[in-house]
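Worksheet: one structure, shown below.
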Amino acid sequence: MRRMEPPPIASWMLEHCIPGRRDQALAGDLEEAFQTGRSNGWYWRQSLAAVAVGWMKYLGDRTALIVFALLWSMLAPAWTAIVERIQNRDVAWPASVAAWLVLNLVFIWTGMLAFAGMHRRTVFAVHARKLKRAFGVAAAVFLPTYFATYVLANLLVWPGIGVEWRLLQPLGEIVDLGVRADVLRVPYLVTLLWSMWRLTPVLAVAPAVTVEWRSHGIDAAEREAEGTPEELPLRDAAAVHRMVLFLIAAGLLNALIAGVLLCRLPEDHHPSVGSLALRAALYVAIGALAGLMGTYVYWHYPRNSFRDHPPLPFSLFALVCAAGWMWVPAMTLFSEQLSALSAGVAMVAAFLLAREVRRLVPALSPAESEQTATAERSLFAESLYQSPSEPYGFVIALCLYGAGWAIAERTNATAGALLALAAAVFVVKTTVLRRARLRTSWEFRRAALRLGMMALPAVLVTFWALLDGVAHRNRLAEVNGVGLEGAASAGDHARPKKDEKSSAHSGSGYESVVLWPYPPKKEIVAPVQPAPLLAPGTKQPVVIRFDGEYWYLQPPDVRPGPLAHRATGTPLDVHIASANSLPLIMQAHQYLRSPIAVARCREIRVEVENRETEPGSVVLAVWLKNSSAKEGPAVYLGEQPIPGAGAGNGAPAAGTLVFAIPAATKVRAFDEISVMMLPDSGHQQVGPRVAIEQFEVVPR
Amino acid sequence: MANRDYLGELELLLLLAVNHLGDEAYGVPIARELEKLRGREVSVGSVYASLERLEGKGLVVSSLGDPTPERGGKAKRYFRITEEGLHQVQETRRVLTRLWHSLPDPKWERL
């Protein structure tokens, strides 16, 4: 006898496992069908499918939020590193926690605003009150979530995940996918999802539109008078957009070529302000004109449909686009100086250009009519459930993410392209469109006024790029020891003098320092005895007393320059500090008389003396190099914090750091041991008071 | 205002089934109608998901009927096609007809 009741577990799942609004009708339908003779298996299949479809719909409606929250929380460790740097450690407990909480909430709220900004029309217009409420929810949720994550992480990874907060590098943290960074991301992810879950707008898919327009210059009255039938060329909106993009790209390419070829720094090492301003204005004009020329060529190309039926006058299009192209010279000038500002200028230019073009292009497209809807769209292409498609937020987030990475890698061209793309996409998705008819005369006035208003900041930024470029070039010349012959007329004060405190970095102090340890370098003492180590069966470690050099540098230098100050002393006794805002880099280099095979070494022990009282305030990193291969690979042995000296009578504390040497490396032998002192963010302006005593190379 | 997006296969079939069933258009008959048309089992959950999407577009409307004992005391949810839904179906038919005009004759293909 067949059961008349459906499987109870499946019925319970239908009742309780479908998220969102419970649909009694669905359960009733399944039960009715079951009563008419459907099997248990059918009921189970239908129940499971209903649960799956319900979850797919529930999560699919929020795909944009989930992906955005994941991407935004990827930045959380970087933000944590920044917070650690900017937070004042002298503040007492309640205030310090409050400040920390506020800083983290600023990060989360910024993410919420960014997400809301991407859906401005839906969120701000409809859900503005919910957005305010979500801010409050985030403030209430973040601290408990953070605490719970901390407790769980410590329980699961006992005795907890050790984090040396002060050593975190923001850019490095963005791409850190380790357990520590991922755990750090969890509370931010949960808070974003929790607070924004009910706010998520249901995104509408943009309809396909076919547009039509009349040719300019021939109005309906003229057609009627001529007796010619009115022919309206049918055009796809996508084709219009493609053509506009192509014309803009052509102008941009031309402006870039002109910027690279024509926009150069002045020859004079000390040009006057007036000449720079004039040059900046000229360059801005060159950028705009070059862009116009590029567009003009393709606009009047015989195969271009715009040629016969232009949707708007070319002069109007040119005026609109010139407001973007005139930033190109500043961009190229900054790019030649390897300045990240080139990416910023590219972003601004793309923003301004895209905003106006976006505003103008819909005016070319009359409101869609049902008679002109296209049929050339894929039919029967939809699946059972179609999730909302809104990729633009992800594109922007990925572009920003990639741009940050590119800037860190000093590939400013890539960063500029990504930032420009992000700005353009942002503008395209957030500009409110007005379906107004194109009023040519009014648009002309507006475009001309806008171009005039934009010209002044463009000239100022180009002027800044020129000024910075000249200063950058002069600075490089000084650092490289190149005489400034061209500046002789400007006065001898511009020429760096031998043995004079260089102004390469700060205007005072030395450009770099080379410190020789006590006693002065002896020629009769052989620093190493590699022969016993290389001999088979050797078990005794080779002791190398440190008698190399200490280097004190500032970025971007990688070695002391020709004007480096040379002195004798030990880092324990000298006080060398940065005279500007740049951090001070301290390195120790021990050169060996003959190379040692890396494969024969098991580990290297570095004995140090330390006068830094805070434990872990300085991290020591070791490289093994082969000086015969210039700029060749080096064996990086890792980094370890140096134990603190402790509170005592001021005597330095001795310590030994052990670094394992991998058996297989790209470098077969080394004849130089390089040590880099990496102080924490609070001590980067002062040379660490750490001295290398000796190295012990232990054979394998 | 309804979305001007075109109908997918399942959506078109659903609208046709709802129109065909008239006052008896609720989950079970709609699913059965679809099974007949497609020749395979249809998930009632998917049918409801698609109908809700159509309702969101304004192509169908739904209303709850009275609870009945054979359904465990649960009410039926009746669906009805709207004017806009009807227009969309007609529009899709017009487009399909136009496209089918360019369909080659299989006899010519064989030759």
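Scheme for the structure tokens: letters A, B, ... for chains in order shown; per-chain residue numbers from 1; ligand numbers from 1 in order shown.
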Could you give me, as a list in words, each residue of chain B that DSSP assigns to strand (DSSP E or B) when run on this structure's backbone?
Val60, Val61, Ser62, Ser63, Leu64, Gly65, Asp66, Pro67, Thr68, Lys74, Ala75, Lys76, Arg77, Tyr78, Phe79, Arg80 and Ile81 of chain B
Please provide the set of residues having any atom within 8 Å of Ile286 in chain A, restricted to only C-alpha atoms, with same-chain residues fewer than 5 positions apart removed, written as an mmCIF file with N, CA, C and O atoms, in the first residue's frame.
data_model
loop_
_atom_site.group_PDB
_atom_site.id
_atom_site.type_symbol
_atom_site.label_atom_id
_atom_site.label_comp_id
_atom_site.auth_asym_id
_atom_site.auth_seq_id
_atom_site.Cartn_x
_atom_site.Cartn_y
_atom_site.Cartn_z
ATOM 1 N N ALA A 255 47.040 62.381 -29.414
ATOM 2 C CA ALA A 255 47.497 63.290 -28.362
ATOM 3 C C ALA A 255 48.688 62.694 -27.612
ATOM 4 O O ALA A 255 49.621 63.412 -27.237
ATOM 5 N N ALA A 258 51.766 63.061 -29.791
ATOM 6 C CA ALA A 258 52.233 64.452 -29.748
ATOM 7 C C ALA A 258 52.863 64.768 -28.405
ATOM 8 O O ALA A 258 53.887 65.461 -28.332
ATOM 9 N N GLY A 259 52.274 64.249 -27.338
ATOM 10 C CA GLY A 259 52.812 64.520 -26.007
ATOM 11 C C GLY A 259 54.218 63.968 -25.843
ATOM 12 O O GLY A 259 55.107 64.624 -25.300
ATOM 13 N N MET A 326 43.497 67.558 -23.480
ATOM 14 C CA MET A 326 44.490 68.564 -23.115
ATOM 15 C C MET A 326 45.254 68.198 -21.841
ATOM 16 O O MET A 326 46.206 68.876 -21.481
ATOM 17 N N PRO A 329 49.512 66.026 -22.241
ATOM 18 C CA PRO A 329 50.908 66.456 -22.053
ATOM 19 C C PRO A 329 51.373 66.370 -20.593
ATOM 20 O O PRO A 329 52.487 65.911 -20.328
#
Val47 in chain B: which residues within 9 Å, counting only C-alpha atoms, same-chain residues fewer than 4 positions away excluded, as a list in words?
Leu384 of chain A; Leu10, Leu14, Gly27, Ile30, Ala31, Val42, Ser43, Leu51 and Glu52 of chain B
Serialized selection, all heavy atoms, as an mmCIF file, in the first residue's frame:
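Below is the file that was written, selection.cif:
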data_model
loop_
_atom_site.group_PDB
_atom_site.id
_atom_site.type_symbol
_atom_site.label_atom_id
_atom_site.label_comp_id
_atom_site.auth_asym_id
_atom_site.auth_seq_id
_atom_site.Cartn_x
_atom_site.Cartn_y
_atom_site.Cartn_z
ATOM 1 N N LEU A 384 17.038 28.637 -16.822
ATOM 2 C CA LEU A 384 15.877 28.624 -15.938
ATOM 3 C C LEU A 384 15.872 29.828 -15.025
ATOM 4 O O LEU A 384 14.845 30.425 -14.751
ATOM 5 C CB LEU A 384 15.893 27.343 -15.102
ATOM 6 C CG LEU A 384 15.598 26.060 -15.860
ATOM 7 C CD1 LEU A 384 15.617 24.898 -14.902
ATOM 8 C CD2 LEU A 384 14.258 26.149 -16.559
ATOM 9 N N LEU B 10 11.844 29.536 -21.721
ATOM 10 C CA LEU B 10 10.968 29.101 -20.640
ATOM 11 C C LEU B 10 9.917 30.171 -20.342
ATOM 12 O O LEU B 10 8.748 29.855 -20.085
ATOM 13 C CB LEU B 10 11.802 28.807 -19.388
ATOM 14 C CG LEU B 10 11.002 28.312 -18.197
ATOM 15 C CD1 LEU B 10 10.430 26.932 -18.481
ATOM 16 C CD2 LEU B 10 11.844 28.280 -16.935
ATOM 17 N N LEU B 14 5.995 29.637 -20.464
ATOM 18 C CA LEU B 14 5.194 29.885 -19.263
ATOM 19 C C LEU B 14 4.037 30.827 -19.582
ATOM 20 O O LEU B 14 2.895 30.593 -19.151
ATOM 21 C CB LEU B 14 6.070 30.482 -18.166
ATOM 22 C CG LEU B 14 6.866 29.486 -17.333
ATOM 23 C CD1 LEU B 14 7.827 30.212 -16.422
ATOM 24 C CD2 LEU B 14 5.921 28.628 -16.501
ATOM 25 N N GLY B 27 0.354 26.353 -10.013
ATOM 26 C CA GLY B 27 1.597 25.587 -10.121
ATOM 27 C C GLY B 27 1.498 24.242 -10.803
ATOM 28 O O GLY B 27 2.204 23.970 -11.785
ATOM 29 N N ILE B 30 0.343 24.226 -14.539
ATOM 30 C CA ILE B 30 1.368 24.898 -15.363
ATOM 31 C C ILE B 30 2.554 23.963 -15.577
ATOM 32 O O ILE B 30 3.062 23.798 -16.690
ATOM 33 C CB ILE B 30 1.817 26.216 -14.697
ATOM 34 C CG1 ILE B 30 0.672 27.223 -14.685
ATOM 35 C CG2 ILE B 30 3.005 26.807 -15.442
ATOM 36 C CD1 ILE B 30 0.979 28.486 -13.901
ATOM 37 N N ALA B 31 2.993 23.320 -14.484
ATOM 38 C CA ALA B 31 4.125 22.401 -14.594
ATOM 39 C C ALA B 31 3.777 21.236 -15.515
ATOM 40 O O ALA B 31 4.603 20.790 -16.334
ATOM 41 C CB ALA B 31 4.528 21.897 -13.210
ATOM 42 N N VAL B 42 9.682 18.744 -15.148
ATOM 43 C CA VAL B 42 9.950 20.158 -14.875
ATOM 44 C C VAL B 42 9.942 20.374 -13.371
ATOM 45 O O VAL B 42 9.096 19.828 -12.667
ATOM 46 C CB VAL B 42 8.873 21.051 -15.538
ATOM 47 C CG1 VAL B 42 9.033 22.496 -15.114
ATOM 48 C CG2 VAL B 42 8.946 20.922 -17.035
ATOM 49 N N SER B 43 10.900 21.138 -12.900
ATOM 50 C CA SER B 43 10.936 21.447 -11.475
ATOM 51 C C SER B 43 9.913 22.534 -11.170
ATOM 52 O O SER B 43 9.943 23.617 -11.773
ATOM 53 C CB SER B 43 12.344 21.929 -11.089
ATOM 54 O OG SER B 43 12.280 22.657 -9.887
ATOM 55 N N LEU B 51 8.112 32.329 -12.822
ATOM 56 C CA LEU B 51 6.855 33.090 -12.749
ATOM 57 C C LEU B 51 7.034 34.350 -11.894
ATOM 58 O O LEU B 51 6.475 35.407 -12.198
ATOM 59 C CB LEU B 51 5.753 32.202 -12.181
ATOM 60 C CG LEU B 51 5.169 31.179 -13.161
ATOM 61 C CD1 LEU B 51 4.296 30.173 -12.432
ATOM 62 C CD2 LEU B 51 4.370 31.879 -14.257
ATOM 63 N N GLU B 52 7.819 34.223 -10.830
ATOM 64 C CA GLU B 52 8.050 35.407 -9.989
ATOM 65 C C GLU B 52 8.846 36.453 -10.752
ATOM 66 O O GLU B 52 8.652 37.659 -10.571
ATOM 67 C CB GLU B 52 8.766 34.991 -8.707
ATOM 68 C CG GLU B 52 7.819 34.346 -7.695
ATOM 69 C CD GLU B 52 8.552 33.732 -6.509
ATOM 70 O OE1 GLU B 52 9.780 33.861 -6.443
ATOM 71 O OE2 GLU B 52 7.878 33.111 -5.670
#
With a distance threshold of 8 Å and counting only C-alpha atoms, extract the residues of chain B near chain A and express them as a list of chain:residue names.
B:Asn3, B:Arg4, B:Asp5, B:Tyr6, B:Leu7, B:Gly8, B:Glu9, B:Leu10, B:Gly27, B:Val28, B:Ser43, B:Val44, B:Gly45, B:Ser46, B:Tyr48, B:Ala49, B:Ser50, B:Glu70, B:Arg71, B:Gly72, B:Gly73, B:Lys74, B:Ala75, B:Lys76, B:Arg77, B:Val95
Skipping near chain neighbours, those fewer than 4 positions away, what residues fall within 10 Å of Glu33 in chain B using only C-alpha atoms, listed as JSON, numbers by chain?
{"B": [13, 14, 16, 17, 18, 20, 21, 25, 27, 28, 29, 37, 38, 39, 42]}
Since we have the selection now, will you write its residues out, keeping all heavy atoms, as a CSV table (one decimal), in the first residue's frame?
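Below is the file selection_29.csv, written as the result:
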chain,number,residue,atom,x,y,z
B,13,LEU,N,7.2,30.0,-22.9
B,13,LEU,CA,6.4,28.8,-22.7
B,13,LEU,C,5.4,29.0,-21.5
B,13,LEU,O,4.3,28.6,-21.5
B,13,LEU,CB,7.2,27.6,-22.5
B,13,LEU,CG,8.0,27.1,-23.7
B,13,LEU,CD1,8.9,25.9,-23.4
B,13,LEU,CD2,7.0,26.7,-24.8
B,14,LEU,N,6.0,29.6,-20.5
B,14,LEU,CA,5.2,29.9,-19.3
B,14,LEU,C,4.0,30.8,-19.6
B,14,LEU,O,2.9,30.6,-19.2
B,14,LEU,CB,6.1,30.5,-18.2
B,14,LEU,CG,6.9,29.5,-17.3
B,14,LEU,CD1,7.8,30.2,-16.4
B,14,LEU,CD2,5.9,28.6,-16.5
B,16,LEU,N,2.6,31.3,-22.4
B,16,LEU,CA,1.7,30.6,-23.3
B,16,LEU,C,0.8,29.7,-22.4
B,16,LEU,O,-0.4,29.6,-22.6
B,16,LEU,CB,2.4,29.9,-24.4
B,16,LEU,CG,3.0,30.8,-25.5
B,16,LEU,CD1,3.9,29.9,-26.4
B,16,LEU,CD2,1.9,31.5,-26.2
B,17,ALA,N,1.5,29.0,-21.5
B,17,ALA,CA,0.8,28.0,-20.7
B,17,ALA,C,-0.2,28.7,-19.8
B,17,ALA,O,-1.4,28.3,-19.6
B,17,ALA,CB,1.8,27.2,-19.8
B,18,VAL,N,0.2,29.8,-19.2
B,18,VAL,CA,-0.7,30.6,-18.3
B,18,VAL,C,-1.9,31.1,-19.1
B,18,VAL,O,-3.1,31.0,-18.7
B,18,VAL,CB,0.1,31.8,-17.6
B,18,VAL,CG1,-0.9,32.7,-17.0
B,18,VAL,CG2,1.1,31.2,-16.6
B,20,HIS,N,-3.1,29.8,-21.8
B,20,HIS,CA,-3.9,28.6,-22.3
B,20,HIS,C,-4.7,28.1,-21.1
B,20,HIS,O,-5.9,27.7,-21.3
B,20,HIS,CB,-2.9,27.6,-22.8
B,20,HIS,CG,-3.6,26.3,-23.2
B,20,HIS,ND1,-4.4,26.2,-24.3
B,20,HIS,CD2,-3.6,25.1,-22.6
B,20,HIS,CE1,-4.9,25.0,-24.4
B,20,HIS,NE2,-4.4,24.3,-23.4
B,21,LEU,N,-4.2,28.1,-19.9
B,21,LEU,CA,-4.9,27.5,-18.8
B,21,LEU,C,-6.0,28.4,-18.3
B,21,LEU,O,-7.0,28.0,-17.6
B,21,LEU,CB,-4.0,27.1,-17.7
B,21,LEU,CG,-3.0,25.9,-18.0
B,21,LEU,CD1,-1.9,25.9,-16.9
B,21,LEU,CD2,-3.8,24.6,-18.0
B,25,ALA,N,-4.8,28.5,-14.0
B,25,ALA,CA,-3.3,28.5,-14.1
B,25,ALA,C,-2.7,28.7,-12.7
B,25,ALA,O,-2.6,29.8,-12.2
B,25,ALA,CB,-2.9,29.7,-15.0
B,27,GLY,N,0.4,26.4,-10.0
B,27,GLY,CA,1.6,25.6,-10.1
B,27,GLY,C,1.5,24.2,-10.8
B,27,GLY,O,2.2,24.0,-11.8
B,28,VAL,N,0.6,23.4,-10.3
B,28,VAL,CA,0.5,22.0,-10.8
B,28,VAL,C,0.2,21.9,-12.3
B,28,VAL,O,0.9,21.3,-13.1
B,28,VAL,CB,-0.4,21.2,-9.9
B,28,VAL,CG1,-0.6,19.8,-10.5
B,28,VAL,CG2,0.1,21.1,-8.5
B,29,PRO,N,-0.9,22.6,-12.7
B,29,PRO,CA,-1.3,22.5,-14.1
B,29,PRO,C,-0.2,23.2,-15.0
B,29,PRO,O,0.0,22.7,-16.1
B,29,PRO,CB,-2.6,23.2,-14.2
B,29,PRO,CG,-3.1,23.4,-12.9
B,29,PRO,CD,-2.0,23.3,-12.0
B,37,LEU,N,4.7,20.0,-23.1
B,37,LEU,CA,5.4,20.7,-24.2
B,37,LEU,C,6.8,20.3,-24.4
B,37,LEU,O,7.3,20.2,-25.5
B,37,LEU,CB,5.3,22.2,-23.9
B,37,LEU,CG,3.9,22.9,-24.1
B,37,LEU,CD1,3.9,24.3,-23.6
B,37,LEU,CD2,3.5,22.9,-25.6
B,38,ARG,N,7.5,20.1,-23.3
B,38,ARG,CA,9.0,19.9,-23.4
B,38,ARG,C,9.3,18.4,-23.4
B,38,ARG,O,10.4,18.0,-23.7
B,38,ARG,CB,9.7,20.6,-22.2
B,38,ARG,CG,9.4,22.1,-22.1
B,38,ARG,CD,10.1,22.6,-20.9
B,38,ARG,NE,11.3,23.4,-21.3
B,38,ARG,CZ,12.2,23.8,-20.5
B,38,ARG,NH1,12.2,23.5,-19.2
B,38,ARG,NH2,13.3,24.5,-20.9
B,39,GLY,N,8.4,17.6,-22.9
B,39,GLY,CA,8.6,16.2,-22.9
B,39,GLY,C,9.6,15.7,-21.9
B,39,GLY,O,10.1,14.6,-22.0
B,42,VAL,N,9.7,18.7,-15.1
B,42,VAL,CA,9.9,20.2,-14.9
B,42,VAL,C,9.9,20.4,-13.4
B,42,VAL,O,9.1,19.8,-12.7
B,42,VAL,CB,8.9,21.1,-15.5
B,42,VAL,CG1,9.0,22.5,-15.1
B,42,VAL,CG2,8.9,20.9,-17.0
How far is it from CA of Val240 in chain A to CA of Ala417 in chain A, in Å with one decimal?
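Value for the CA of Val240 in chain A-CA of Ala417 in chain A distance: 23.1 Å.
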